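A short write-up of the structure that comes next.
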Amino acid sequence: MTGRAPGGPIDLCFVNPFGYGLFDHEAHTQKVFGGAEVQLYYLATALAKDPSFSVSMIVEGPEGGVAPEVAGVRMIGVKPIGAGFARLRDRLPMPSPAYLAAMRRADAEIYLQRGGAVLTGDVAAYCRLRRQKFAFMAAHDWDCDRSHQRGKQFLAGSYYLAALRSANLVFAQSAAQRDALRAHHGIASLLQPTVYPPDSDVEVKREHVLWIGRCLEWKRPHAFLDLATRLPGVPFLMACPRYDGAHALYAQVAQRAAQLPNVEFIEFIPFHQTHDLFRRAIALINTSTAEGFPNTFVQAARTATPVCSLDVNPDKVIETADMGYCANGSISLLAQHLGNLVNDAERWQECSRNATAYFRAAHDLGRLLPPFAEALRSLRSTPDRARRRADPRRRRPRRA
């Protein structure tokens, strides 16, 4: 590691494989990003403006490579992991030489990675070897229990969980995640809500009921189409990019959507264009079986758009903020709730106003960035390989 002046900027590296397309809108990246990548984009670009940080990011670049620096963030390109090696790592975890080399090039004091994966184990292993600090951010509820150890991915999940427990700093998205980390792993985490910059107050015409997300089984895209068949007079818009390993599901969903006259289907839309979809939405629909804290909930609240969810309702935020409805797993009730919003202008306005108030209080980037930055700064004075434990006497977290 190169010498650093005491008290100088903190060298912080975000490990964000699929995030480069958010920085370079012209780049044709191979992988579809999700909410985790979006959050790292906003946090990295915001911290890059803080003179107390020097920010870099490890990304898988397009064929033409990555720019040396974008928005104040130094880019470190890494060759994408081959499909065969990726499948092998899912069963038998082994470090990726490419990512270890990229972390060496980054030469950072703190490495931050988001979302439970085999890559989490790589980052943690590198930090232990080089005696650097490792910060982890949960991106899904499954990152906080033992879901990653189930089935054929037991070894990969164990590799991830060992990394989680070695982290110097862990961030949870919600109180439920924070409680799960404590209950399953004895880890005390800091609450870091999903963040976005505020929206403008320009009014637009509301035109469609929106579903947006990767085409994955657990996001239940067919449930959205079931909803559309129940409300044939309501216009629906589905932005549903295909995802590696789920091509058959994508073909089924695209074919079914094409047969519904009230459904507009979009295969892919760049992230910087999704904002307009939310601003023109009558309501956002979520049909997932489980999530972390959905970025789409915050995007909806940011644009004064009510939320209707089939199941997902972290910390019961939909009721407490009164910005829509949760159907508790009932597609019939979801259709009823959506019908109420579509047909009752006064109730829609109430949910819309509440969504805006909730965003300003709970997810505004400008308000939430300072405590996040301070938590990272505190790592500079934390002893190497320090652990954040809810109870240091607890040696064996209970099994799920």
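Numbering starts fresh at 1 for the residues of each chain in the structure tokens, the chains themselves are lettered A, B, ... in the order given, and ligands are numbered from 1 as they appear.
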
Item to complete: Please return as JSON, numbers by chain: the residues of segment 6-165 of chain A that backbone DSSP assigns to strand (DSSP E or B).
Response: {"A": [10, 11, 12, 13, 14, 15, 53, 54, 55, 56, 57, 58, 59, 60, 69, 70, 73, 74, 75, 76, 77, 78, 110, 111, 112, 113, 114, 133, 134, 135, 136, 137]}

Worksheet entry | Interatomic distance, atom CA of Ser288 of chain A to atom CA of Ala139 of chain A (Å, one decimal) | 14.4 Å

Give me, as a PDB file with C-alpha atoms, in the first residue's frame, the residues of segment 229-279 of chain A that a backbone DSSP run labels alpha helix (DSSP H).
ATOM      1  CA  THR A 229     -56.659  -8.845 -16.621  1.00  0.00           C
ATOM      2  CA  ARG A 230     -58.807  -7.919 -13.614  1.00  0.00           C
ATOM      3  CA  HIS A 247     -34.874 -16.470 -20.571  1.00  0.00           C
ATOM      4  CA  ALA A 248     -37.789 -18.927 -20.614  1.00  0.00           C
ATOM      5  CA  LEU A 249     -39.677 -16.850 -18.033  1.00  0.00           C
ATOM      6  CA  TYR A 250     -39.010 -13.696 -20.033  1.00  0.00           C
ATOM      7  CA  ALA A 251     -40.393 -15.278 -23.212  1.00  0.00           C
ATOM      8  CA  GLN A 252     -43.573 -16.340 -21.396  1.00  0.00           C
ATOM      9  CA  VAL A 253     -44.116 -12.917 -19.833  1.00  0.00           C
ATOM     10  CA  ALA A 254     -43.439 -10.999 -23.056  1.00  0.00           C
ATOM     11  CA  GLN A 255     -45.779 -13.239 -25.039  1.00  0.00           C
ATOM     12  CA  ARG A 256     -48.564 -12.958 -22.477  1.00  0.00           C
ATOM     13  CA  ALA A 257     -48.199  -9.181 -22.174  1.00  0.00           C
ATOM     14  CA  ALA A 258     -48.485  -8.821 -25.948  1.00  0.00           C
ATOM     15  CA  PHE A 271     -31.976   3.979 -15.750  1.00  0.00           C
ATOM     16  CA  HIS A 272     -31.780   7.706 -16.477  1.00  0.00           C
ATOM     17  CA  GLN A 273     -35.028   7.374 -18.451  1.00  0.00           C
ATOM     18  CA  THR A 274     -36.950   5.444 -15.793  1.00  0.00           C
ATOM     19  CA  HIS A 275     -37.643   8.597 -13.796  1.00  0.00           C
ATOM     20  CA  ASP A 276     -40.195   9.708 -16.369  1.00  0.00           C
ATOM     21  CA  LEU A 277     -42.047   6.389 -16.056  1.00  0.00           C
ATOM     22  CA  PHE A 278     -42.535   7.012 -12.333  1.00  0.00           C
ATOM     23  CA  ARG A 279     -43.574  10.627 -12.814  1.00  0.00           C
TER      24      ARG A 279
END

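Considering only C-alpha atoms, the residue among A:His208, A:His363, A:Arg178, A:His337 positioned nearest to Phe265 of chain A is A:His208.
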
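Using only C-alpha atoms, the shortest contact distance between Phe136 of chain A and any of A:Glu207, A:Gly115, A:His148, A:Val70 is found at A:Gly115.
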
Worksheet item: Do you know which residues are at most 7 Å from His140 of chain A counting only C-alpha atoms, after dropping those on the same chain fewer than 2 positions away, and could you put them as a list in words?
Response: Gly115, Ala138, Trp142, Asp143, Glu291 and Gly292 of chain A

Discussion item. Show me, as a count of residues only, the residues that have an atom within 12 Å of Leu365 of chain A when counting only C-alpha atoms, minus same-chain residues fewer than 5 positions from it.
Written reply: 24
